[in-house]
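The block underneath contains the structure these notes are about, expressed in structure tokens.
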Amino acid sequence: MPIYEYECGQCQLQFQQLLVSRGEEKGLVCPKCGGEDLKRLISRVAYHVSESDRLGAYDPSAPKHDSFYRDTRNIGLDAKKRAKQMGVDLGSGFEANLDKLRTDPGSVLKDKE
Ligand SMILES: [Zn+2]
């Protein structure tokens, strides 16, 4: 499913939106101010961004929009960034758990029960 990036013409908020069908774009409004004057910035941006790019661009102190947390590929970025800054090796077990968490968020919880 394509993820598109938009900028709101009213409040200049930039946000990413996953579109299931083309028709969905018509009813799209800015999540912050409800504005309908949206400009598509880059199409399918999320497909071309590798994890290391995401990690590099990730700023732990920046305010995050709800959509950040809805994007499962962002799970664990915070922990990874901090570990990297502190020089901590999280180990392969962490990576494996992260992969699981990203592909099937329920599975990790089930394992721990
Ligand atoms: Zn707006």
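The chains in the structure tokens are called A, B, ... from first to last as shown; in each chain the residues are counted from 1, and the ligands are counted from 1 in the order shown.
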
Check every protein, DNA and RNA residue against ligand 1, keep those with an atom at most 10 Å away (counting only C-alpha atoms and all ligand atoms), and present them as a PyMOL selection string.
chain A and resi 7-15+29-38

Selected residues written out, N, CA, C and O atoms, as a compact mmCIF listing (two decimals), in the first residue's frame:
# COMPACT_ATOMS: atom_id res chain seq x y z
N GLU A 7 1.50 18.15 2.46
CA GLU A 7 1.67 19.36 3.25
C GLU A 7 0.36 20.12 3.22
O GLU A 7 -0.26 20.31 2.17
N CYS A 8 -0.06 20.59 4.41
CA CYS A 8 -1.30 21.34 4.52
C CYS A 8 -1.06 22.79 4.09
O CYS A 8 -0.10 23.43 4.55
N GLY A 9 -1.91 23.31 3.22
CA GLY A 9 -1.76 24.68 2.73
C GLY A 9 -2.14 25.71 3.79
O GLY A 9 -1.79 26.88 3.66
N GLN A 10 -2.84 25.29 4.83
CA GLN A 10 -3.27 26.24 5.85
C GLN A 10 -2.30 26.36 7.01
O GLN A 10 -1.95 27.44 7.44
N CYS A 11 -1.86 25.21 7.54
CA CYS A 11 -0.98 25.27 8.72
C CYS A 11 0.41 24.72 8.43
O CYS A 11 1.25 24.68 9.31
N GLN A 12 0.65 24.32 7.17
CA GLN A 12 1.97 23.83 6.73
C GLN A 12 2.41 22.54 7.43
O GLN A 12 3.58 22.18 7.37
N LEU A 13 1.48 21.88 8.08
CA LEU A 13 1.82 20.59 8.69
C LEU A 13 2.15 19.59 7.58
O LEU A 13 1.45 19.50 6.59
N GLN A 14 3.25 18.87 7.78
CA GLN A 14 3.56 17.80 6.85
C GLN A 14 3.25 16.48 7.52
O GLN A 14 3.63 16.25 8.66
N PHE A 15 2.55 15.63 6.81
CA PHE A 15 2.20 14.35 7.40
C PHE A 15 2.15 13.27 6.33
O PHE A 15 2.03 13.55 5.14
N VAL A 29 -8.22 15.18 4.86
CA VAL A 29 -8.08 16.51 5.45
C VAL A 29 -6.86 16.52 6.36
O VAL A 29 -6.38 15.48 6.80
N CYS A 30 -6.37 17.71 6.64
CA CYS A 30 -5.22 17.87 7.52
C CYS A 30 -5.57 17.37 8.92
O CYS A 30 -6.59 17.77 9.48
N PRO A 31 -4.74 16.50 9.51
CA PRO A 31 -5.05 15.96 10.84
C PRO A 31 -4.96 17.00 11.95
O PRO A 31 -5.47 16.80 13.05
N LYS A 32 -4.31 18.13 11.67
CA LYS A 32 -4.15 19.15 12.70
C LYS A 32 -5.26 20.19 12.66
O LYS A 32 -5.89 20.50 13.65
N CYS A 33 -5.48 20.78 11.45
CA CYS A 33 -6.45 21.87 11.39
C CYS A 33 -7.68 21.52 10.57
O CYS A 33 -8.61 22.32 10.49
N GLY A 34 -7.70 20.34 9.95
CA GLY A 34 -8.86 19.95 9.17
C GLY A 34 -8.91 20.58 7.79
O GLY A 34 -9.91 20.45 7.08
N GLY A 35 -7.86 21.28 7.40
CA GLY A 35 -7.82 21.93 6.10
C GLY A 35 -7.85 20.93 4.95
O GLY A 35 -7.33 19.83 5.07
N GLU A 36 -8.47 21.35 3.84
CA GLU A 36 -8.57 20.45 2.69
C GLU A 36 -7.59 20.81 1.58
O GLU A 36 -7.53 20.17 0.55
N ASP A 37 -6.82 21.86 1.80
CA ASP A 37 -5.87 22.32 0.80
C ASP A 37 -4.54 21.59 0.97
O ASP A 37 -3.59 22.10 1.53
N LEU A 38 -4.52 20.34 0.52
CA LEU A 38 -3.35 19.50 0.74
C LEU A 38 -2.55 19.34 -0.54
O LEU A 38 -3.10 19.16 -1.61

Taking 6 positions as the minimum chain separation for residues in the same chain, which residues sit within 10 Å of segment 78-84 of chain A when counting only C-alpha atoms? Answer as a ChimeraX atom specification.
/A:55-56,58-61,90,94-95

Taking the DSSP secondary structure from the backbone, can you list the residues of segment 22-110 of chain A that are alpha helix (DSSP H), as a count of residues only?
41

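All residues of protein, DNA or RNA that reach within 9 Å of Leu19 of chain A, judged by only C-alpha atoms and not counting those fewer than 5 positions away in the chain, are Met1, Pro2, Ile3, Tyr4, Glu24 and Glu25 of chain A.
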
Write to file, as a CSV table (one decimal), in the first residue's frame, the residues of the selection just made, with C-alpha atoms.
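Dumped to again.csv:
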chain,number,residue,atom,x,y,z
A,1,MET,CA,0.0,0.0,0.0
A,2,PRO,CA,1.4,3.4,-0.9
A,3,ILE,CA,2.2,5.9,1.7
A,4,TYR,CA,2.1,9.5,0.5
A,24,GLU,CA,-9.6,8.0,-0.4
A,25,GLU,CA,-7.4,10.9,-1.2

**Asked** DSSP on the backbone: what in segment 16-111 of chain A comes out strand (DSSP E), as a VMD selection string?
**Response** chain A and resid 16 to 18 38 to 40

Please produce a file of the residues just selected, as a short mmCIF file (atom, residue, chain, number, x, y, z; two decimals), in the first residue's frame, where the atoms kept are C-alpha atoms.
data_model
loop_
_atom_site.label_atom_id
_atom_site.label_comp_id
_atom_site.auth_asym_id
_atom_site.auth_seq_id
_atom_site.Cartn_x
_atom_site.Cartn_y
_atom_site.Cartn_z
CA GLN A 16 2.23 10.91 5.87
CA GLN A 17 -0.90 9.12 4.91
CA LEU A 18 -1.40 5.54 3.89
CA LEU A 38 -3.35 19.50 0.74
CA LYS A 39 -0.37 19.24 -1.51
CA ARG A 40 1.24 15.87 -2.16
#

Using only C-alpha atoms, which protein or nucleic acid residues come within 12 Å of Asp99 of chain A? Drop anything in the same chain fewer than 2 positions from it, and give the result as an MDAnalysis selection string. chainID A and resid 51 72:77 92:97 101:105 107:108

Please, could you write that set of residues out with all heavy atoms as a compact mmCIF listing (two decimals), in the first residue's frame?
# COMPACT_ATOMS: atom_id res chain seq x y z
N GLU A 51 16.11 1.77 6.89
CA GLU A 51 16.05 1.97 8.33
C GLU A 51 17.17 2.87 8.83
O GLU A 51 16.97 3.69 9.72
CB GLU A 51 16.10 0.64 9.08
CG GLU A 51 15.65 0.85 10.52
CD GLU A 51 16.05 -0.28 11.45
OE1 GLU A 51 16.90 -1.09 11.10
OE2 GLU A 51 15.50 -0.32 12.56
N THR A 72 4.51 1.07 12.05
CA THR A 72 5.20 0.04 12.85
C THR A 72 6.70 0.02 12.60
O THR A 72 7.45 -0.48 13.43
CB THR A 72 4.64 -1.37 12.53
OG1 THR A 72 4.76 -1.62 11.14
CG2 THR A 72 3.20 -1.49 12.98
N ARG A 73 7.14 0.58 11.46
CA ARG A 73 8.58 0.58 11.22
C ARG A 73 9.31 1.53 12.16
O ARG A 73 10.53 1.50 12.27
CB ARG A 73 8.88 0.97 9.76
CG ARG A 73 8.60 -0.20 8.81
CD ARG A 73 8.45 0.33 7.44
NE ARG A 73 7.53 1.47 7.47
CZ ARG A 73 7.21 2.17 6.41
NH1 ARG A 73 7.73 1.90 5.26
NH2 ARG A 73 6.36 3.17 6.51
N ASN A 74 8.56 2.40 12.84
CA ASN A 74 9.18 3.31 13.78
C ASN A 74 9.33 2.70 15.17
O ASN A 74 9.97 3.28 16.04
CB ASN A 74 8.36 4.60 13.88
CG ASN A 74 8.54 5.46 12.64
OD1 ASN A 74 9.61 5.50 12.07
ND2 ASN A 74 7.48 6.13 12.22
N ILE A 75 8.74 1.53 15.35
CA ILE A 75 8.86 0.86 16.64
C ILE A 75 10.32 0.53 16.89
O ILE A 75 10.99 -0.03 16.04
CB ILE A 75 8.02 -0.44 16.67
CG1 ILE A 75 6.53 -0.12 16.57
CG2 ILE A 75 8.31 -1.25 17.94
CD1 ILE A 75 5.64 -1.34 16.47
N GLY A 76 10.81 0.89 18.05
CA GLY A 76 12.18 0.55 18.42
C GLY A 76 13.21 1.58 18.00
O GLY A 76 14.36 1.49 18.40
N LEU A 77 12.83 2.55 17.16
CA LEU A 77 13.79 3.57 16.72
C LEU A 77 14.37 4.33 17.91
O LEU A 77 15.56 4.59 17.97
CB LEU A 77 13.13 4.56 15.76
CG LEU A 77 13.13 4.25 14.26
CD1 LEU A 77 12.73 5.48 13.49
CD2 LEU A 77 14.49 3.76 13.79
N SER A 92 21.56 -9.44 19.02
CA SER A 92 20.71 -9.95 17.93
C SER A 92 19.32 -10.28 18.44
O SER A 92 18.36 -10.27 17.69
CB SER A 92 21.35 -11.17 17.29
OG SER A 92 21.59 -12.16 18.26
N GLY A 93 19.20 -10.58 19.70
CA GLY A 93 17.88 -10.88 20.26
C GLY A 93 16.96 -9.69 20.19
O GLY A 93 15.76 -9.82 19.91
N PHE A 94 17.54 -8.52 20.37
CA PHE A 94 16.75 -7.29 20.29
C PHE A 94 16.23 -7.09 18.87
O PHE A 94 15.07 -6.79 18.66
CB PHE A 94 17.60 -6.09 20.72
CG PHE A 94 16.87 -4.78 20.64
CD1 PHE A 94 16.03 -4.39 21.67
CD2 PHE A 94 17.03 -3.95 19.55
CE1 PHE A 94 15.36 -3.19 21.60
CE2 PHE A 94 16.35 -2.75 19.48
CZ PHE A 94 15.52 -2.36 20.50
N GLU A 95 17.12 -7.29 17.90
CA GLU A 95 16.74 -7.14 16.50
C GLU A 95 15.61 -8.11 16.12
O GLU A 95 14.67 -7.76 15.43
CB GLU A 95 17.94 -7.39 15.59
CG GLU A 95 18.95 -6.26 15.57
CD GLU A 95 18.48 -5.07 14.72
OE1 GLU A 95 17.52 -5.22 13.95
OE2 GLU A 95 19.10 -3.99 14.86
N ALA A 96 15.75 -9.33 16.59
CA ALA A 96 14.75 -10.36 16.27
C ALA A 96 13.40 -9.99 16.86
O ALA A 96 12.36 -10.11 16.21
CB ALA A 96 15.21 -11.72 16.80
N ASN A 97 13.41 -9.52 18.10
CA ASN A 97 12.18 -9.11 18.75
C ASN A 97 11.55 -7.91 18.03
O ASN A 97 10.34 -7.82 17.88
CB ASN A 97 12.44 -8.72 20.20
CG ASN A 97 12.16 -9.87 21.14
OD1 ASN A 97 11.31 -10.71 20.86
ND2 ASN A 97 12.89 -9.92 22.24
N LEU A 101 7.99 -7.57 16.36
CA LEU A 101 7.10 -6.52 16.83
C LEU A 101 6.57 -5.71 15.66
O LEU A 101 5.42 -5.28 15.63
CB LEU A 101 7.87 -5.62 17.79
CG LEU A 101 7.06 -4.72 18.72
CD1 LEU A 101 6.22 -5.57 19.64
CD2 LEU A 101 8.00 -3.86 19.55
N ARG A 102 7.44 -5.48 14.67
CA ARG A 102 7.06 -4.66 13.53
C ARG A 102 6.13 -5.39 12.58
O ARG A 102 5.25 -4.80 12.00
CB ARG A 102 8.32 -4.23 12.78
CG ARG A 102 9.06 -3.12 13.52
CD ARG A 102 10.38 -2.82 12.85
NE ARG A 102 11.05 -1.72 13.53
CZ ARG A 102 12.30 -1.33 13.28
NH1 ARG A 102 13.00 -1.97 12.36
NH2 ARG A 102 12.84 -0.32 13.92
N THR A 103 6.35 -6.67 12.41
CA THR A 103 5.53 -7.41 11.47
C THR A 103 4.24 -7.91 12.11
O THR A 103 3.20 -7.96 11.48
CB THR A 103 6.31 -8.59 10.86
OG1 THR A 103 6.92 -9.32 11.93
CG2 THR A 103 7.37 -8.10 9.91
N ASP A 104 4.33 -8.29 13.38
CA ASP A 104 3.15 -8.81 14.07
C ASP A 104 3.18 -8.37 15.53
O ASP A 104 3.68 -9.08 16.39
CB ASP A 104 3.13 -10.35 13.96
CG ASP A 104 1.90 -10.94 14.66
OD1 ASP A 104 0.99 -10.16 15.02
OD2 ASP A 104 1.87 -12.16 14.82
N PRO A 105 2.68 -7.16 15.78
CA PRO A 105 2.78 -6.60 17.14
C PRO A 105 2.20 -7.49 18.23
O PRO A 105 2.64 -7.43 19.37
CB PRO A 105 1.99 -5.28 17.05
CG PRO A 105 2.02 -4.93 15.60
CD PRO A 105 2.02 -6.24 14.86
N SER A 107 2.37 -10.79 18.47
CA SER A 107 3.11 -12.02 18.72
C SER A 107 4.05 -11.92 19.91
O SER A 107 4.21 -12.86 20.67
CB SER A 107 3.90 -12.44 17.48
OG SER A 107 4.95 -11.52 17.25
N VAL A 108 4.69 -10.77 20.05
CA VAL A 108 5.67 -10.61 21.13
C VAL A 108 4.95 -10.64 22.48
O VAL A 108 5.42 -11.23 23.44
CB VAL A 108 6.45 -9.28 20.96
CG1 VAL A 108 7.36 -9.06 22.16
CG2 VAL A 108 7.26 -9.32 19.69

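Going from atom CA of Asp71 of chain A over to atom CA of Asp89 of chain A, you cover 24.5 Å.
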